[in-house]
>>> print(open('work-v6.cif').read())   # mmCIF, N, CA and C atoms
data_run
loop_
_atom_site.label_atom_id
_atom_site.label_comp_id
_atom_site.auth_asym_id
_atom_site.auth_seq_id
_atom_site.Cartn_x
_atom_site.Cartn_y
_atom_site.Cartn_z
N MET V 1 0.85 -1.18 0.00
CA MET V 1 0.00 0.00 0.00
C MET V 1 0.89 1.24 0.00
N THR V 2 0.47 2.24 -0.72
CA THR V 2 1.19 3.49 -0.78
C THR V 2 0.63 4.47 0.24
N ALA V 3 -0.70 4.60 0.24
CA ALA V 3 -1.36 5.55 1.14
C ALA V 3 -2.82 5.15 1.31
N GLY V 4 -3.43 5.62 2.40
CA GLY V 4 -4.85 5.39 2.59
C GLY V 4 -5.18 4.07 3.23
N ASP V 5 -6.37 3.53 2.88
CA ASP V 5 -6.88 2.35 3.58
C ASP V 5 -7.13 1.14 2.69
N PHE V 6 -6.42 1.01 1.57
CA PHE V 6 -6.57 -0.21 0.76
C PHE V 6 -6.27 -1.43 1.61
N ARG V 7 -7.13 -2.42 1.56
CA ARG V 7 -6.84 -3.70 2.21
C ARG V 7 -7.60 -4.80 1.50
N LEU V 8 -7.08 -6.02 1.60
CA LEU V 8 -7.67 -7.18 0.94
C LEU V 8 -8.68 -7.82 1.88
N TYR V 9 -9.96 -7.83 1.46
CA TYR V 9 -11.00 -8.50 2.25
C TYR V 9 -12.23 -8.74 1.38
N GLU V 10 -13.21 -9.47 1.94
CA GLU V 10 -14.46 -9.78 1.24
C GLU V 10 -15.54 -8.82 1.72
N ASP V 11 -15.99 -7.91 0.85
CA ASP V 11 -17.11 -7.04 1.21
C ASP V 11 -18.44 -7.77 1.01
N ARG V 12 -18.42 -8.83 0.22
CA ARG V 12 -19.53 -9.75 0.04
C ARG V 12 -18.93 -11.15 0.14
N ALA V 13 -19.65 -12.07 0.75
CA ALA V 13 -19.14 -13.43 0.95
C ALA V 13 -18.65 -14.04 -0.36
N GLY V 14 -17.41 -14.51 -0.36
CA GLY V 14 -16.83 -15.17 -1.53
C GLY V 14 -16.36 -14.22 -2.62
N LYS V 15 -16.32 -12.90 -2.34
CA LYS V 15 -15.92 -11.92 -3.36
C LYS V 15 -14.83 -11.00 -2.80
N PRO V 16 -13.60 -11.52 -2.69
CA PRO V 16 -12.51 -10.71 -2.14
C PRO V 16 -11.99 -9.69 -3.17
N GLY V 17 -11.34 -8.68 -2.65
CA GLY V 17 -10.70 -7.69 -3.51
C GLY V 17 -9.93 -6.69 -2.66
N TRP V 18 -9.12 -5.89 -3.33
CA TRP V 18 -8.43 -4.79 -2.67
C TRP V 18 -9.41 -3.63 -2.65
N ILE V 19 -9.84 -3.22 -1.45
CA ILE V 19 -10.92 -2.24 -1.30
C ILE V 19 -10.41 -1.04 -0.52
N ALA V 20 -10.81 0.15 -0.97
CA ALA V 20 -10.48 1.40 -0.28
C ALA V 20 -11.70 2.30 -0.27
N SER V 21 -11.83 3.10 0.78
CA SER V 21 -12.93 4.06 0.86
C SER V 21 -12.45 5.42 1.36
N GLN V 22 -11.17 5.56 1.59
CA GLN V 22 -10.61 6.80 2.12
C GLN V 22 -10.03 7.65 1.00
N PRO V 23 -10.37 8.94 0.93
CA PRO V 23 -9.78 9.82 -0.08
C PRO V 23 -8.25 9.76 -0.02
N GLY V 24 -7.62 9.72 -1.18
CA GLY V 24 -6.16 9.67 -1.25
C GLY V 24 -5.58 8.26 -1.17
N SER V 25 -6.44 7.25 -1.10
CA SER V 25 -5.95 5.87 -1.03
C SER V 25 -5.33 5.47 -2.37
N CYS V 26 -4.10 4.94 -2.31
CA CYS V 26 -3.39 4.47 -3.51
C CYS V 26 -2.67 3.18 -3.17
N MET V 27 -2.50 2.33 -4.18
CA MET V 27 -1.79 1.07 -4.01
C MET V 27 -0.95 0.82 -5.25
N LYS V 28 0.24 0.26 -5.05
CA LYS V 28 1.14 -0.02 -6.17
C LYS V 28 1.23 -1.52 -6.41
N PHE V 29 1.31 -1.89 -7.71
CA PHE V 29 1.44 -3.28 -8.11
C PHE V 29 2.62 -3.40 -9.08
N PRO V 30 3.50 -4.38 -8.89
CA PRO V 30 4.62 -4.58 -9.83
C PRO V 30 4.12 -5.23 -11.12
N LEU V 31 4.66 -4.78 -12.25
CA LEU V 31 4.32 -5.34 -13.55
C LEU V 31 5.59 -5.85 -14.21
N THR V 32 5.53 -7.02 -14.83
CA THR V 32 6.64 -7.57 -15.61
C THR V 32 6.13 -7.78 -17.03
N PHE V 33 6.77 -7.10 -17.99
CA PHE V 33 6.32 -7.13 -19.37
C PHE V 33 7.15 -8.07 -20.21
N GLY V 34 6.52 -8.61 -21.25
CA GLY V 34 7.20 -9.44 -22.24
C GLY V 34 7.56 -8.62 -23.46
N GLN V 35 7.70 -9.31 -24.58
CA GLN V 35 8.10 -8.65 -25.84
C GLN V 35 7.03 -7.67 -26.35
N ASP V 36 5.76 -7.96 -26.08
CA ASP V 36 4.64 -7.12 -26.52
C ASP V 36 3.90 -6.64 -25.27
N PRO V 37 4.41 -5.60 -24.58
CA PRO V 37 3.92 -5.22 -23.25
C PRO V 37 2.44 -4.85 -23.20
N ARG V 38 1.78 -5.40 -22.18
CA ARG V 38 0.38 -5.07 -21.91
C ARG V 38 0.07 -5.45 -20.47
N PHE V 39 -0.98 -4.84 -19.93
CA PHE V 39 -1.44 -5.21 -18.59
C PHE V 39 -2.94 -4.97 -18.51
N ALA V 40 -3.56 -5.55 -17.48
CA ALA V 40 -5.00 -5.43 -17.30
C ALA V 40 -5.33 -5.20 -15.83
N VAL V 41 -6.42 -4.46 -15.61
CA VAL V 41 -6.94 -4.21 -14.27
C VAL V 41 -8.40 -4.65 -14.26
N THR V 42 -8.76 -5.52 -13.31
CA THR V 42 -10.15 -5.93 -13.14
C THR V 42 -10.67 -5.24 -11.88
N TYR V 43 -11.80 -4.56 -12.03
CA TYR V 43 -12.33 -3.73 -10.94
C TYR V 43 -13.86 -3.82 -10.94
N LEU V 44 -14.46 -3.32 -9.86
CA LEU V 44 -15.91 -3.37 -9.72
C LEU V 44 -16.55 -2.15 -10.37
N LYS V 45 -17.58 -2.40 -11.20
CA LYS V 45 -18.45 -1.35 -11.74
C LYS V 45 -19.82 -1.57 -11.13
N SER V 46 -20.49 -0.47 -10.80
CA SER V 46 -21.79 -0.60 -10.15
C SER V 46 -22.68 0.59 -10.49
N TYR V 47 -23.92 0.50 -10.07
CA TYR V 47 -24.88 1.58 -10.29
C TYR V 47 -24.94 2.52 -9.09
N ARG V 48 -24.30 2.14 -7.96
CA ARG V 48 -24.32 3.02 -6.78
C ARG V 48 -23.14 2.70 -5.86
N ASN V 49 -22.87 3.65 -4.98
CA ASN V 49 -21.85 3.50 -3.93
C ASN V 49 -20.48 3.07 -4.45
N ILE V 50 -20.04 3.68 -5.55
CA ILE V 50 -18.75 3.31 -6.12
C ILE V 50 -18.07 4.55 -6.70
N SER V 51 -16.78 4.57 -6.64
CA SER V 51 -16.01 5.68 -7.19
C SER V 51 -15.23 5.20 -8.41
N ASN V 52 -14.39 6.05 -8.95
CA ASN V 52 -13.54 5.71 -10.08
C ASN V 52 -12.16 5.30 -9.60
N VAL V 53 -11.43 4.58 -10.44
CA VAL V 53 -10.05 4.18 -10.15
C VAL V 53 -9.13 4.90 -11.13
N GLN V 54 -8.13 5.58 -10.60
CA GLN V 54 -7.12 6.19 -11.46
C GLN V 54 -5.96 5.21 -11.61
N VAL V 55 -5.57 4.95 -12.86
CA VAL V 55 -4.46 4.07 -13.18
C VAL V 55 -3.30 4.96 -13.61
N LYS V 56 -2.18 4.86 -12.88
CA LYS V 56 -1.02 5.70 -13.18
C LYS V 56 0.18 4.83 -13.52
N LEU V 57 0.72 5.03 -14.72
CA LEU V 57 1.91 4.31 -15.17
C LEU V 57 2.86 5.35 -15.75
N ARG V 58 3.98 5.52 -15.09
CA ARG V 58 4.92 6.58 -15.46
C ARG V 58 4.20 7.92 -15.41
N LYS V 59 4.19 8.66 -16.50
CA LYS V 59 3.53 9.98 -16.50
C LYS V 59 2.09 9.92 -16.99
N ALA V 60 1.64 8.77 -17.43
CA ALA V 60 0.28 8.63 -17.97
C ALA V 60 -0.72 8.28 -16.87
N THR V 61 -1.91 8.85 -16.98
CA THR V 61 -3.01 8.54 -16.06
C THR V 61 -4.26 8.24 -16.87
N TYR V 62 -4.97 7.21 -16.46
CA TYR V 62 -6.22 6.83 -17.10
C TYR V 62 -7.25 6.57 -16.01
N THR V 63 -8.48 6.99 -16.22
CA THR V 63 -9.53 6.80 -15.22
C THR V 63 -10.46 5.67 -15.63
N LEU V 64 -10.61 4.69 -14.75
CA LEU V 64 -11.57 3.60 -14.93
C LEU V 64 -12.87 4.05 -14.26
N MET V 65 -13.93 4.14 -15.03
CA MET V 65 -15.20 4.63 -14.51
C MET V 65 -15.89 3.54 -13.68
N GLY V 66 -16.17 3.84 -12.42
CA GLY V 66 -16.82 2.89 -11.54
C GLY V 66 -18.31 2.78 -11.75
N HIS V 67 -18.94 3.90 -12.17
CA HIS V 67 -20.39 3.91 -12.41
C HIS V 67 -20.70 3.55 -13.85
N TRP V 68 -21.87 2.99 -14.06
CA TRP V 68 -22.36 2.79 -15.42
C TRP V 68 -22.60 4.16 -16.03
N PRO V 69 -22.53 4.30 -17.34
CA PRO V 69 -22.74 5.61 -17.99
C PRO V 69 -24.11 6.19 -17.67
N THR V 70 -24.20 7.52 -17.68
CA THR V 70 -25.46 8.21 -17.45
C THR V 70 -26.52 7.70 -18.43
N GLY V 71 -27.67 7.40 -17.91
CA GLY V 71 -28.76 6.90 -18.74
C GLY V 71 -28.82 5.38 -18.83
N ASP V 72 -27.79 4.71 -18.36
CA ASP V 72 -27.78 3.24 -18.38
C ASP V 72 -28.70 2.75 -17.26
N SER V 73 -29.64 1.91 -17.58
CA SER V 73 -30.63 1.47 -16.60
C SER V 73 -30.23 0.23 -15.80
N ARG V 74 -29.04 -0.31 -16.07
CA ARG V 74 -28.61 -1.51 -15.33
C ARG V 74 -28.48 -1.20 -13.84
N GLN V 75 -29.07 -2.03 -13.02
CA GLN V 75 -28.91 -1.90 -11.58
C GLN V 75 -28.21 -3.14 -11.06
N VAL V 76 -26.99 -3.32 -11.54
CA VAL V 76 -26.17 -4.47 -11.17
C VAL V 76 -24.75 -4.01 -10.87
N SER V 77 -24.04 -4.84 -10.15
CA SER V 77 -22.62 -4.64 -9.91
C SER V 77 -21.88 -5.79 -10.57
N LEU V 78 -20.93 -5.47 -11.43
CA LEU V 78 -20.17 -6.48 -12.17
C LEU V 78 -18.70 -6.13 -12.20
N TYR V 79 -17.85 -7.16 -12.35
CA TYR V 79 -16.43 -6.90 -12.54
C TYR V 79 -16.18 -6.57 -14.00
N SER V 80 -15.33 -5.60 -14.22
CA SER V 80 -14.97 -5.18 -15.57
C SER V 80 -13.45 -5.23 -15.69
N THR V 81 -12.94 -5.69 -16.83
CA THR V 81 -11.50 -5.75 -17.06
C THR V 81 -11.12 -4.78 -18.16
N LYS V 82 -10.14 -3.93 -17.87
CA LYS V 82 -9.63 -2.98 -18.85
C LYS V 82 -8.19 -3.35 -19.19
N TRP V 83 -7.94 -3.60 -20.50
CA TRP V 83 -6.60 -3.94 -20.97
C TRP V 83 -5.88 -2.69 -21.45
N PHE V 84 -4.59 -2.63 -21.15
CA PHE V 84 -3.72 -1.53 -21.59
C PHE V 84 -2.61 -2.10 -22.44
N LYS V 85 -2.45 -1.59 -23.63
CA LYS V 85 -1.36 -1.96 -24.54
C LYS V 85 -0.33 -0.86 -24.42
N VAL V 86 0.85 -1.22 -23.99
CA VAL V 86 1.89 -0.21 -23.78
C VAL V 86 2.98 -0.39 -24.82
N HIS V 87 3.59 0.71 -25.23
CA HIS V 87 4.58 0.67 -26.30
C HIS V 87 5.73 1.60 -25.96
N LYS V 88 6.89 1.29 -26.51
CA LYS V 88 8.11 2.04 -26.22
C LYS V 88 8.01 3.51 -26.56
N SER V 89 7.48 3.85 -27.73
CA SER V 89 7.46 5.24 -28.16
C SER V 89 6.07 5.65 -28.63
N GLU V 90 5.83 6.94 -28.65
CA GLU V 90 4.56 7.47 -29.13
C GLU V 90 4.35 7.10 -30.60
N LEU V 91 5.41 7.16 -31.40
CA LEU V 91 5.31 6.83 -32.83
C LEU V 91 4.95 5.35 -33.00
N GLY V 92 5.64 4.47 -32.28
CA GLY V 92 5.35 3.05 -32.34
C GLY V 92 3.95 2.74 -31.82
N PHE V 93 3.56 3.48 -30.82
CA PHE V 93 2.23 3.34 -30.22
C PHE V 93 1.16 3.65 -31.26
N ARG V 94 1.33 4.74 -31.99
CA ARG V 94 0.35 5.11 -33.03
C ARG V 94 0.34 4.09 -34.16
N ALA V 95 1.51 3.67 -34.61
CA ALA V 95 1.59 2.69 -35.70
C ALA V 95 0.91 1.38 -35.30
N ALA V 96 1.18 0.91 -34.09
CA ALA V 96 0.59 -0.34 -33.62
C ALA V 96 -0.93 -0.20 -33.50
N LYS V 97 -1.36 0.94 -33.01
CA LYS V 97 -2.80 1.16 -32.82
C LYS V 97 -3.54 1.11 -34.16
N PHE V 98 -3.04 1.80 -35.15
CA PHE V 98 -3.75 1.85 -36.42
C PHE V 98 -3.55 0.60 -37.27
N ALA V 99 -2.41 -0.06 -37.14
CA ALA V 99 -2.17 -1.28 -37.92
C ALA V 99 -3.06 -2.42 -37.44
N LYS V 100 -3.41 -2.42 -36.16
CA LYS V 100 -4.17 -3.52 -35.58
C LYS V 100 -5.48 -3.05 -34.98
N LEU V 101 -6.06 -2.01 -35.53
CA LEU V 101 -7.24 -1.39 -34.93
C LEU V 101 -8.36 -2.38 -34.65
N LYS V 102 -8.64 -3.28 -35.57
CA LYS V 102 -9.74 -4.23 -35.36
C LYS V 102 -9.43 -5.20 -34.22
N THR V 103 -8.23 -5.72 -34.18
CA THR V 103 -7.91 -6.73 -33.16
C THR V 103 -7.64 -6.10 -31.80
N LEU V 104 -7.32 -4.81 -31.75
CA LEU V 104 -6.99 -4.17 -30.48
C LEU V 104 -8.04 -3.15 -30.04
N ALA V 105 -9.25 -3.28 -30.53
CA ALA V 105 -10.29 -2.29 -30.24
C ALA V 105 -10.59 -2.16 -28.76
N ASP V 106 -10.39 -3.21 -27.98
CA ASP V 106 -10.69 -3.16 -26.56
C ASP V 106 -9.52 -2.70 -25.69
N PHE V 107 -8.42 -2.31 -26.31
CA PHE V 107 -7.25 -1.87 -25.57
C PHE V 107 -7.22 -0.35 -25.44
N THR V 108 -6.67 0.13 -24.33
CA THR V 108 -6.31 1.53 -24.18
C THR V 108 -4.80 1.57 -24.33
N PHE V 109 -4.29 2.54 -25.09
CA PHE V 109 -2.87 2.59 -25.39
C PHE V 109 -2.13 3.57 -24.48
N MET V 110 -0.93 3.17 -24.04
CA MET V 110 -0.04 4.02 -23.26
C MET V 110 1.36 3.84 -23.83
N SER V 111 2.15 4.91 -23.82
CA SER V 111 3.50 4.79 -24.40
C SER V 111 4.57 4.91 -23.31
N GLY V 112 5.81 4.66 -23.69
CA GLY V 112 6.95 4.84 -22.80
C GLY V 112 7.39 3.59 -22.06
N VAL V 113 7.05 2.41 -22.55
CA VAL V 113 7.41 1.17 -21.88
C VAL V 113 8.25 0.31 -22.81
N GLU V 114 9.40 -0.12 -22.33
CA GLU V 114 10.29 -0.98 -23.09
C GLU V 114 9.80 -2.44 -23.01
N PRO V 115 9.94 -3.20 -24.11
CA PRO V 115 9.66 -4.64 -24.03
C PRO V 115 10.57 -5.30 -22.99
N ASN V 116 10.09 -6.34 -22.36
CA ASN V 116 10.85 -7.12 -21.38
C ASN V 116 11.33 -6.27 -20.20
N SER V 117 10.50 -5.33 -19.77
CA SER V 117 10.87 -4.46 -18.65
C SER V 117 9.98 -4.71 -17.45
N GLU V 118 10.32 -4.06 -16.36
CA GLU V 118 9.53 -4.14 -15.13
C GLU V 118 9.21 -2.72 -14.68
N LEU V 119 7.95 -2.48 -14.35
CA LEU V 119 7.49 -1.17 -13.87
C LEU V 119 6.49 -1.38 -12.75
N THR V 120 6.08 -0.29 -12.16
CA THR V 120 5.06 -0.32 -11.12
C THR V 120 3.87 0.51 -11.58
N VAL V 121 2.67 -0.04 -11.45
CA VAL V 121 1.46 0.71 -11.74
C VAL V 121 0.84 1.11 -10.40
N GLU V 122 0.33 2.33 -10.34
CA GLU V 122 -0.32 2.81 -9.13
C GLU V 122 -1.81 2.98 -9.39
N LEU V 123 -2.63 2.43 -8.50
CA LEU V 123 -4.08 2.53 -8.59
C LEU V 123 -4.57 3.37 -7.42
N CYS V 124 -5.37 4.40 -7.71
CA CYS V 124 -5.84 5.32 -6.68
C CYS V 124 -7.34 5.51 -6.75
N LEU V 125 -7.94 5.72 -5.58
CA LEU V 125 -9.34 6.05 -5.50
C LEU V 125 -9.49 7.49 -5.96
N SER V 126 -10.36 7.74 -6.93
CA SER V 126 -10.62 9.11 -7.39
C SER V 126 -11.61 9.76 -6.44
N PRO V 127 -11.24 10.91 -5.86
CA PRO V 127 -12.15 11.57 -4.93
C PRO V 127 -13.45 12.00 -5.62
N VAL V 128 -14.55 11.88 -4.91
CA VAL V 128 -15.85 12.32 -5.42
C VAL V 128 -16.52 13.19 -4.36
N SER V 129 -17.45 14.03 -4.78
CA SER V 129 -18.11 14.94 -3.83
C SER V 129 -19.10 14.21 -2.93
N ASP V 130 -19.73 13.15 -3.43
CA ASP V 130 -20.69 12.37 -2.65
C ASP V 130 -19.95 11.29 -1.87
N GLN V 131 -19.81 11.48 -0.56
CA GLN V 131 -19.03 10.56 0.27
C GLN V 131 -19.61 9.15 0.31
N SER V 132 -20.91 8.98 0.01
CA SER V 132 -21.50 7.63 0.00
C SER V 132 -20.98 6.81 -1.18
N GLN V 133 -20.37 7.48 -2.16
CA GLN V 133 -19.84 6.78 -3.33
C GLN V 133 -18.32 6.66 -3.27
N GLN V 134 -17.76 6.86 -2.10
CA GLN V 134 -16.31 6.86 -1.93
C GLN V 134 -15.81 5.44 -1.65
N LYS V 135 -15.77 4.59 -2.69
CA LYS V 135 -15.28 3.22 -2.53
C LYS V 135 -14.79 2.71 -3.89
N VAL V 136 -13.69 1.97 -3.88
CA VAL V 136 -13.22 1.27 -5.07
C VAL V 136 -12.87 -0.16 -4.67
N LYS V 137 -12.97 -1.06 -5.66
CA LYS V 137 -12.62 -2.46 -5.43
C LYS V 137 -11.87 -2.96 -6.66
N VAL V 138 -10.64 -3.39 -6.44
CA VAL V 138 -9.80 -3.95 -7.50
C VAL V 138 -9.61 -5.43 -7.18
N VAL V 139 -9.90 -6.30 -8.15
CA VAL V 139 -9.81 -7.74 -7.87
C VAL V 139 -8.62 -8.41 -8.57
N GLN V 140 -8.04 -7.73 -9.58
CA GLN V 140 -6.91 -8.38 -10.27
C GLN V 140 -6.11 -7.35 -11.06
N VAL V 141 -4.79 -7.52 -11.02
CA VAL V 141 -3.87 -6.76 -11.87
C VAL V 141 -2.91 -7.78 -12.47
N VAL V 142 -2.84 -7.85 -13.82
CA VAL V 142 -1.97 -8.82 -14.48
C VAL V 142 -1.17 -8.10 -15.56
N SER V 143 -0.01 -8.66 -15.88
CA SER V 143 0.81 -8.11 -16.97
C SER V 143 1.42 -9.25 -17.77
N CYS V 144 1.77 -8.96 -18.99
CA CYS V 144 2.43 -9.94 -19.84
C CYS V 144 3.22 -9.21 -20.92
#
>>> encode(input="work-v6.cif", output="structure tokens")
Amino acid sequence: MTAGDFRLYEDRAGKPGWIASQPGSCMKFPLTFGQDPRFAVTYLKSYRNISNVQVKLRKATYTLMGHWPTGDSRQVSLYSTKWFKVHKSELGFRAAKFAKLKTLADFTFMSGVEPNSELTVELCLSPVSDQSQQKVKVVQVVSC
């Protein structure tokens, strides 16, 4: 843990995860990349009582939305996995993105990562004005 109150526990029976509810809570996870670097974060999405997760890798930040989009009528809580395709340079990142657009449509792209390297990703609870929605749950972080 970097800061705040992230801890591993079951908020629902049989459903463990790294959970935080304190503003400023952040946690770091080590990543080991292969020849074609990528990583994924699995987190809880819900219709209520949930905040966003900020994913920070080097200088890049991406926000994982905890709530369903405005107007979505789903009243369920589900785990969602977001894949990140990382590349050594911005130029290579753009070339890879457009060359494989159909096969990589579900990826978010980040640059500045060398193949076969090791880095740390930081996940943080995004502060919200409604304190009843101040919670995040991360269930898995993987890299390859």
>>> closest_residue(input="work-v6.cif", among="V:Arg38, V:Arg7, V:Arg12, V:His67", to="Ser143 in chain V", atoms="only C-alpha atoms")
V:Arg38
>>> closest_residue(input="work-v6.cif", among="V:Val139, V:Gln54, V:Thr63, V:Val113", to="Tyr79 in chain V", atoms="all atoms listed in the file")
V:Val139
>>> closest_residue(input="work-v6.cif", among="V:Met27, V:Cys144, V:Leu125, V:Ile19", to="Lys85 in chain V", atoms="only C-alpha atoms")
V:Cys144
>>> residues_around(input="work-v6.cif", residues="range 43-53 of chain V", least_positions_apart="4", cutoff="6 Å", atoms="only N, CA and C atoms", output="number ranges by chain")
V: 62-68, 74-81, 124-126, 132-140
>>> write_last_selection(input="work-v6.cif", atoms="N, CA and C atoms", output="PDB file, in the frame of the given file")
ATOM      1  N   TYR V  62      -4.970   7.210 -16.460  1.00  0.00           N
ATOM      2  CA  TYR V  62      -6.220   6.830 -17.100  1.00  0.00           C
ATOM      3  C   TYR V  62      -7.250   6.570 -16.010  1.00  0.00           C
ATOM      4  N   THR V  63      -8.480   6.990 -16.220  1.00  0.00           N
ATOM      5  CA  THR V  63      -9.530   6.800 -15.220  1.00  0.00           C
ATOM      6  C   THR V  63     -10.460   5.670 -15.630  1.00  0.00           C
ATOM      7  N   LEU V  64     -10.610   4.690 -14.750  1.00  0.00           N
ATOM      8  CA  LEU V  64     -11.570   3.600 -14.930  1.00  0.00           C
ATOM      9  C   LEU V  64     -12.870   4.050 -14.260  1.00  0.00           C
ATOM     10  N   MET V  65     -13.930   4.140 -15.030  1.00  0.00           N
ATOM     11  CA  MET V  65     -15.200   4.630 -14.510  1.00  0.00           C
ATOM     12  C   MET V  65     -15.890   3.540 -13.680  1.00  0.00           C
ATOM     13  N   GLY V  66     -16.170   3.840 -12.420  1.00  0.00           N
ATOM     14  CA  GLY V  66     -16.820   2.890 -11.540  1.00  0.00           C
ATOM     15  C   GLY V  66     -18.310   2.780 -11.750  1.00  0.00           C
ATOM     16  N   HIS V  67     -18.940   3.900 -12.170  1.00  0.00           N
ATOM     17  CA  HIS V  67     -20.390   3.910 -12.410  1.00  0.00           C
ATOM     18  C   HIS V  67     -20.700   3.550 -13.850  1.00  0.00           C
ATOM     19  N   TRP V  68     -21.870   2.990 -14.060  1.00  0.00           N
ATOM     20  CA  TRP V  68     -22.360   2.790 -15.420  1.00  0.00           C
ATOM     21  C   TRP V  68     -22.600   4.160 -16.030  1.00  0.00           C
ATOM     22  N   ARG V  74     -29.040  -0.310 -16.070  1.00  0.00           N
ATOM     23  CA  ARG V  74     -28.610  -1.510 -15.330  1.00  0.00           C
ATOM     24  C   ARG V  74     -28.480  -1.200 -13.840  1.00  0.00           C
ATOM     25  N   GLN V  75     -29.070  -2.030 -13.020  1.00  0.00           N
ATOM     26  CA  GLN V  75     -28.910  -1.900 -11.580  1.00  0.00           C
ATOM     27  C   GLN V  75     -28.210  -3.140 -11.060  1.00  0.00           C
ATOM     28  N   VAL V  76     -26.990  -3.320 -11.540  1.00  0.00           N
ATOM     29  CA  VAL V  76     -26.170  -4.470 -11.170  1.00  0.00           C
ATOM     30  C   VAL V  76     -24.750  -4.010 -10.870  1.00  0.00           C
ATOM     31  N   SER V  77     -24.040  -4.840 -10.150  1.00  0.00           N
ATOM     32  CA  SER V  77     -22.620  -4.640  -9.910  1.00  0.00           C
ATOM     33  C   SER V  77     -21.880  -5.790 -10.570  1.00  0.00           C
ATOM     34  N   LEU V  78     -20.930  -5.470 -11.430  1.00  0.00           N
ATOM     35  CA  LEU V  78     -20.170  -6.480 -12.170  1.00  0.00           C
ATOM     36  C   LEU V  78     -18.700  -6.130 -12.200  1.00  0.00           C
ATOM     37  N   TYR V  79     -17.850  -7.160 -12.350  1.00  0.00           N
ATOM     38  CA  TYR V  79     -16.430  -6.900 -12.540  1.00  0.00           C
ATOM     39  C   TYR V  79     -16.180  -6.570 -14.000  1.00  0.00           C
ATOM     40  N   SER V  80     -15.330  -5.600 -14.220  1.00  0.00           N
ATOM     41  CA  SER V  80     -14.970  -5.180 -15.570  1.00  0.00           C
ATOM     42  C   SER V  80     -13.450  -5.230 -15.690  1.00  0.00           C
ATOM     43  N   THR V  81     -12.940  -5.690 -16.830  1.00  0.00           N
ATOM     44  CA  THR V  81     -11.500  -5.750 -17.060  1.00  0.00           C
ATOM     45  C   THR V  81     -11.120  -4.780 -18.160  1.00  0.00           C
ATOM     46  N   CYS V 124      -5.370   4.400  -7.710  1.00  0.00           N
ATOM     47  CA  CYS V 124      -5.840   5.320  -6.680  1.00  0.00           C
ATOM     48  C   CYS V 124      -7.340   5.510  -6.750  1.00  0.00           C
ATOM     49  N   LEU V 125      -7.940   5.720  -5.580  1.00  0.00           N
ATOM     50  CA  LEU V 125      -9.340   6.050  -5.500  1.00  0.00           C
ATOM     51  C   LEU V 125      -9.490   7.490  -5.960  1.00  0.00           C
ATOM     52  N   SER V 126     -10.360   7.740  -6.930  1.00  0.00           N
ATOM     53  CA  SER V 126     -10.620   9.110  -7.390  1.00  0.00           C
ATOM     54  C   SER V 126     -11.610   9.760  -6.440  1.00  0.00           C
ATOM     55  N   SER V 132     -20.910   8.980   0.010  1.00  0.00           N
ATOM     56  CA  SER V 132     -21.500   7.630   0.000  1.00  0.00           C
ATOM     57  C   SER V 132     -20.980   6.810  -1.180  1.00  0.00           C
ATOM     58  N   GLN V 133     -20.370   7.480  -2.160  1.00  0.00           N
ATOM     59  CA  GLN V 133     -19.840   6.780  -3.330  1.00  0.00           C
ATOM     60  C   GLN V 133     -18.320   6.660  -3.270  1.00  0.00           C
ATOM     61  N   GLN V 134     -17.760   6.860  -2.100  1.00  0.00           N
ATOM     62  CA  GLN V 134     -16.310   6.860  -1.930  1.00  0.00           C
ATOM     63  C   GLN V 134     -15.810   5.440  -1.650  1.00  0.00           C
ATOM     64  N   LYS V 135     -15.770   4.590  -2.690  1.00  0.00           N
ATOM     65  CA  LYS V 135     -15.280   3.220  -2.530  1.00  0.00           C
ATOM     66  C   LYS V 135     -14.790   2.710  -3.890  1.00  0.00           C
ATOM     67  N   VAL V 136     -13.690   1.970  -3.880  1.00  0.00           N
ATOM     68  CA  VAL V 136     -13.220   1.270  -5.070  1.00  0.00           C
ATOM     69  C   VAL V 136     -12.870  -0.160  -4.670  1.00  0.00           C
ATOM     70  N   LYS V 137     -12.970  -1.060  -5.660  1.00  0.00           N
ATOM     71  CA  LYS V 137     -12.620  -2.460  -5.430  1.00  0.00           C
ATOM     72  C   LYS V 137     -11.870  -2.960  -6.660  1.00  0.00           C
ATOM     73  N   VAL V 138     -10.640  -3.390  -6.440  1.00  0.00           N
ATOM     74  CA  VAL V 138      -9.800  -3.950  -7.500  1.00  0.00           C
ATOM     75  C   VAL V 138      -9.610  -5.430  -7.180  1.00  0.00           C
ATOM     76  N   VAL V 139      -9.900  -6.300  -8.150  1.00  0.00           N
ATOM     77  CA  VAL V 139      -9.810  -7.740  -7.870  1.00  0.00           C
ATOM     78  C   VAL V 139      -8.620  -8.410  -8.570  1.00  0.00           C
ATOM     79  N   GLN V 140      -8.040  -7.730  -9.580  1.00  0.00           N
ATOM     80  CA  GLN V 140      -6.910  -8.380 -10.270  1.00  0.00           C
ATOM     81  C   GLN V 140      -6.110  -7.350 -11.060  1.00  0.00           C
TER      82      GLN V 140
END
>>> closest_residue(input="work-v6.cif", among="V:Cys26, V:Val41, V:Ala13, V:Leu31", to="Glu122 in chain V", atoms="only C-alpha atoms")
V:Cys26
>>> atom_distance(input="work-v6.cif", atom1="CA of Gln22 in chain V", atom2="CA of Leu8 in chain V")
14.3 Å
>>> residues_around(input="work-v6.cif", residues="Lys28 in chain V", least_positions_apart="6", cutoff="8 Å", atoms="all atoms listed in the file", output="JSON, numbers by chain")
{"V": [1, 2, 3, 120, 121, 122, 123, 124]}
>>> resolve_selection(input="work-v6.cif", expression="the PyMOL selection byres (((chain V and resi 35 and name CA) around 9) and name CA)", output="PyMOL selection string")
chain V and resi 33-34+36-37+114-117+144
>>> closest_residue(input="work-v6.cif", among="V:Thr61, V:Asp72, V:Gly17, V:Ser25", to="Asp5 in chain V", atoms="all atoms listed in the file")
V:Ser25
>>> closest_residue(input="work-v6.cif", among="V:Gly71, V:Val141, V:Val55, V:Lys15", to="Thr32 in chain V", atoms="only C-alpha atoms")
V:Val141
>>> atom_distance(input="work-v6.cif", atom1="CA of Ala40 in chain V", atom2="CA of Tyr9 in chain V")
20.7 Å
